[in-house]
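Visitor: Below are the structure tokens for one structure; questions will follow.
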Amino acid sequence: MDRRLILVRHGQSEWNLKNLFTGWKNPGLTDKGIEEAKEAGQLLKSRGYEIELCYTSALKRAQHTLDLMLEEMGITNMTIIRHQDLNERDYGDLAGLNKDDAREKWGDEQVHIWRRSYDTPPPGGESLKDTADRVLPYYKREIEPRVLDGGTILVAAHGNSLRALVMALEGLSPEEILKREIATGKPIIYDLNESGKVLKVENI
Ligand SMILES: O=C(O)[C@H](O)COP(=O)(O)O
């Protein structure tokens with residue numbers, strides 16, 4: 001029996017293109033982001049997976065990415081569960097600021113700590129740990145049981161909500177997750193065993 005979990009970060013957003021901290025702000029996809037989402041859909045289509053159920057966040061860049069992927073896969077009748085627990089990390093006071101301007105103001109190291117450390121939150125926002133504290137209970141409660149029932153579950157979410165999930169699934173340390181980047185529109189495919197442990201991971 002397949003117990004497959006597919007994670008996809010949304011395609012490039014308007015604010016990714018402008019190099020702005022985004023967090024819970026709600027920009028749409030760029031043309032490139034739309035293409036990335038379609039390509040991700042084509043890739044999954046070529047694998048012939050039968051998707052049982054989809055999850056996404058409450059933010060439109062992830063929702064639109066999922067819709068485009070499903071369209072490419074020719075899937076018209078699908079249950080999509082949208083929940084804010086899968087939202088991007090809240091970037092707090094940094095949201096809307098240019099990432100290079102922030103480095104000029106606070107220095108490269110501080111900005112890197114805010115962006116990639118495990119437990120140092122950006123001012124007024126969530127650390128990766130804070131993000132994990134909402135993403136992982138949601139995953140355990142809602143998503144994992146559906147995967148363990150058998151089949152393929154697709155999750156379209158965000159760079160840091162997915163880093164939180166990848167950290168738990170792959171058993172990465174806070175040092176290891178610091179270096180882990182999640183590319184836009186590139187599916188990560190996990191095969192899980194009956195207790196939810198990762199048997200195999202494939203980045204396509
Ligand atoms: O919210 C954002 O700005 C991006 O989606 C992810 O940002 P990061 O690469 O700075 O974590």
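Naming scheme: A, B, ... for chains in displayed order of the structure tokens; residues 1 onward per chain; ligands 1 onward as shown.
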Step by step, measure atom-to-atom distances between ligand 1 and each residue using only C-alpha atoms and all ligand atoms, keep those at most 8 Å, then write them as a PyMOL selection string.
Guide: chain A and resi 15-16+19-24+88-91+95+99+115-116+158-160+181
Visitor: Got time to write the residues from that selection, N, CA and C atoms, as a tab-separated table (two decimals), in the first residue's frame?
Guide:
chain	number	residue	atom	x	y	z
A	15	TRP	N	6.17	39.09	-4.30
A	15	TRP	CA	7.12	39.61	-3.29
A	15	TRP	C	8.42	38.83	-3.26
A	16	ASN	N	8.41	37.55	-3.67
A	16	ASN	CA	9.69	36.85	-3.86
A	16	ASN	C	10.49	37.58	-4.92
A	19	ASN	N	11.97	40.64	-3.73
A	19	ASN	CA	12.90	40.39	-2.62
A	19	ASN	C	12.40	40.99	-1.29
A	20	LEU	N	11.08	40.89	-1.07
A	20	LEU	CA	10.49	41.42	0.17
A	20	LEU	C	10.16	40.28	1.13
A	21	PHE	N	10.36	40.52	2.44
A	21	PHE	CA	9.85	39.57	3.44
A	21	PHE	C	8.33	39.51	3.31
A	22	THR	N	7.80	38.31	3.29
A	22	THR	CA	6.37	38.16	3.01
A	22	THR	C	5.56	37.67	4.21
A	23	GLY	N	5.91	36.51	4.73
A	23	GLY	CA	5.19	35.97	5.88
A	23	GLY	C	3.70	35.82	5.61
A	24	TRP	N	2.86	36.45	6.45
A	24	TRP	CA	1.41	36.30	6.32
A	24	TRP	C	0.80	37.30	5.34
A	88	GLU	N	2.73	30.46	5.92
A	88	GLU	CA	4.15	30.81	6.07
A	88	GLU	C	4.40	31.27	7.51
A	89	ARG	N	5.67	31.20	7.93
A	89	ARG	CA	6.06	31.78	9.21
A	89	ARG	C	5.66	33.27	9.19
A	90	ASP	N	5.14	33.76	10.30
A	90	ASP	CA	4.80	35.18	10.41
A	90	ASP	C	6.11	35.97	10.54
A	91	TYR	N	6.39	36.81	9.56
A	91	TYR	CA	7.65	37.57	9.59
A	91	TYR	C	7.56	38.84	10.42
A	95	ALA	N	7.86	41.97	7.66
A	95	ALA	CA	7.00	41.78	6.48
A	95	ALA	C	6.90	43.06	5.68
A	99	LYS	N	14.77	42.49	1.64
A	99	LYS	CA	15.73	41.67	2.39
A	99	LYS	C	17.14	42.28	2.35
A	115	ARG	N	16.19	34.67	9.62
A	115	ARG	CA	15.61	33.90	8.51
A	115	ARG	C	15.80	32.39	8.68
A	116	ARG	N	16.93	31.98	9.28
A	116	ARG	CA	17.24	30.56	9.23
A	116	ARG	C	17.46	29.87	10.57
A	158	HIS	N	4.50	26.62	2.14
A	158	HIS	CA	5.44	27.75	2.11
A	158	HIS	C	6.84	27.32	2.55
A	159	GLY	N	7.82	28.17	2.22
A	159	GLY	CA	9.21	27.85	2.52
A	159	GLY	C	9.42	27.42	3.96
A	160	ASN	N	8.91	28.21	4.91
A	160	ASN	CA	9.20	27.90	6.31
A	160	ASN	C	8.20	26.96	6.96
A	181	GLU	N	17.14	24.74	2.21
A	181	GLU	CA	16.29	25.65	1.45
A	181	GLU	C	15.25	24.82	0.71
Visitor: Mind listing the strand (DSSP E) residues of segment 12-152 of chain A, per DSSP on the backbone, as a VMD selection string?
Guide: chain A and resid 51 to 56 80 to 82 151 to 152
Visitor: Fewer than 5 positions away in the same chain doesn't count, so skip those; otherwise give me all residues within 8 Å of Pro27 of chain A, counting only C-alpha atoms, as a ChimeraX atom specification.
Guide: /A:13-15,60-61
Visitor: Mind writing the picked residues with N, CA and C atoms as an mmCIF file, in the first residue's frame?
Guide:
data_model
loop_
_atom_site.group_PDB
_atom_site.id
_atom_site.type_symbol
_atom_site.label_atom_id
_atom_site.label_comp_id
_atom_site.auth_asym_id
_atom_site.auth_seq_id
_atom_site.Cartn_x
_atom_site.Cartn_y
_atom_site.Cartn_z
ATOM 1 N N SER A 13 6.362 34.226 -5.926
ATOM 2 C CA SER A 13 5.316 35.237 -5.690
ATOM 3 C C SER A 13 5.832 36.610 -6.118
ATOM 4 N N GLU A 14 4.900 37.556 -6.197
ATOM 5 C CA GLU A 14 5.275 38.948 -6.532
ATOM 6 C C GLU A 14 6.325 39.471 -5.554
ATOM 7 N N TRP A 15 6.170 39.093 -4.296
ATOM 8 C CA TRP A 15 7.115 39.607 -3.289
ATOM 9 C C TRP A 15 8.423 38.826 -3.264
ATOM 10 N N LYS A 60 -3.104 32.987 -0.695
ATOM 11 C CA LYS A 60 -3.481 32.703 -2.082
ATOM 12 C C LYS A 60 -2.336 32.199 -2.945
ATOM 13 N N ARG A 61 -1.079 32.510 -2.617
ATOM 14 C CA ARG A 61 0.012 32.002 -3.469
ATOM 15 C C ARG A 61 0.098 30.474 -3.415
#
Visitor: Considering only C-alpha atoms, can you say which of A:Lys197, A:Lys186, A:Arg141, A:Lys25 comes closest to Leu7 of chain A?
Guide: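 Checking each of A:Lys197, A:Lys186, A:Arg141, A:Lys25 against Leu7 of chain A, counting only C-alpha atoms, the winner is A:Lys186.
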Visitor: Looking at A:Tyr138, A:Ile34, A:Tyr118, A:Asp133, which one is nearest to Ser57 of chain A, with distances taken over only C-alpha atoms?
Guide: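 Among the listed residues, A:Tyr138 lies closest to Ser57 of chain A.
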Visitor: In Å, rounded to a single decimal, give me how far atom CA of Val8 of chain A is from atom CA of Asn87 of chain A.
Guide: 13.0 Å
Visitor: Can you pull out every residue within 10 Å of Ile153 of chain A, counting only C-alpha atoms, but drop anything in the same chain fewer than 5 positions away, and send it as a CSV table (one decimal) with N, CA and C atoms, in the first residue's frame?
Guide:
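Listed below is the output, out-v2.csv:
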chain,number,residue,atom,x,y,z
A,3,ARG,N,1.9,4.9,0.9
A,3,ARG,CA,1.6,5.9,1.9
A,3,ARG,C,2.5,7.1,1.5
A,4,ARG,N,2.0,7.9,0.6
A,4,ARG,CA,2.8,8.9,0.0
A,4,ARG,C,2.4,10.3,0.4
A,5,LEU,N,3.4,11.1,0.7
A,5,LEU,CA,3.1,12.5,1.1
A,5,LEU,C,4.0,13.4,0.1
A,6,ILE,N,3.3,14.3,-0.6
A,6,ILE,CA,4.0,15.2,-1.5
A,6,ILE,C,3.9,16.6,-1.0
A,7,LEU,N,5.1,17.3,-0.8
A,7,LEU,CA,5.1,18.6,-0.4
A,7,LEU,C,5.6,19.5,-1.5
A,49,TYR,N,0.5,9.5,-10.3
A,49,TYR,CA,0.0,9.3,-8.9
A,49,TYR,C,-1.5,9.6,-8.9
A,50,GLU,N,-2.2,8.9,-8.1
A,50,GLU,CA,-3.7,9.2,-7.8
A,50,GLU,C,-3.7,9.9,-6.6
A,51,ILE,N,-4.1,11.2,-6.6
A,51,ILE,CA,-4.1,12.0,-5.4
A,51,ILE,C,-5.4,11.8,-4.7
A,52,GLU,N,-5.4,11.6,-3.4
A,52,GLU,CA,-6.6,11.3,-2.6
A,52,GLU,C,-7.2,12.6,-2.1
A,53,LEU,N,-6.3,13.5,-1.6
A,53,LEU,CA,-6.8,14.6,-0.9
A,53,LEU,C,-5.6,15.7,-0.9
A,54,CYS,N,-6.0,17.0,-0.8
A,54,CYS,CA,-5.0,18.0,-0.9
A,54,CYS,C,-5.2,19.0,0.3
A,55,TYR,N,-4.1,19.5,0.8
A,55,TYR,CA,-4.0,20.5,1.8
A,55,TYR,C,-3.3,21.7,1.3
A,143,ILE,N,-3.2,15.5,8.8
A,143,ILE,CA,-2.6,15.0,7.5
A,143,ILE,C,-2.1,13.6,7.7
A,144,GLU,N,-1.2,13.4,8.7
A,144,GLU,CA,-0.6,12.1,8.8
A,144,GLU,C,-1.6,10.9,8.8
A,146,ARG,N,-4.4,10.6,7.4
A,146,ARG,CA,-4.9,10.4,6.0
A,146,ARG,C,-3.8,9.7,5.2
A,147,VAL,N,-2.5,10.0,5.4
A,147,VAL,CA,-1.5,9.4,4.6
A,147,VAL,C,-1.4,7.9,5.0
A,148,LEU,N,-1.5,7.7,6.3
A,148,LEU,CA,-1.4,6.3,6.8
A,148,LEU,C,-2.6,5.4,6.4
A,189,ILE,N,8.9,14.2,-2.4
A,189,ILE,CA,8.0,13.1,-2.3
A,189,ILE,C,8.5,12.2,-1.2
Visitor: Kindly indicate which residue among A:Ser195, A:Asn98, A:Asn203, A:Thr184 lies nearest to Glu36 of chain A, using only C-alpha atoms for the distances.
Guide: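 Ranked by minimum distance to Glu36 of chain A, first place goes to A:Thr184.
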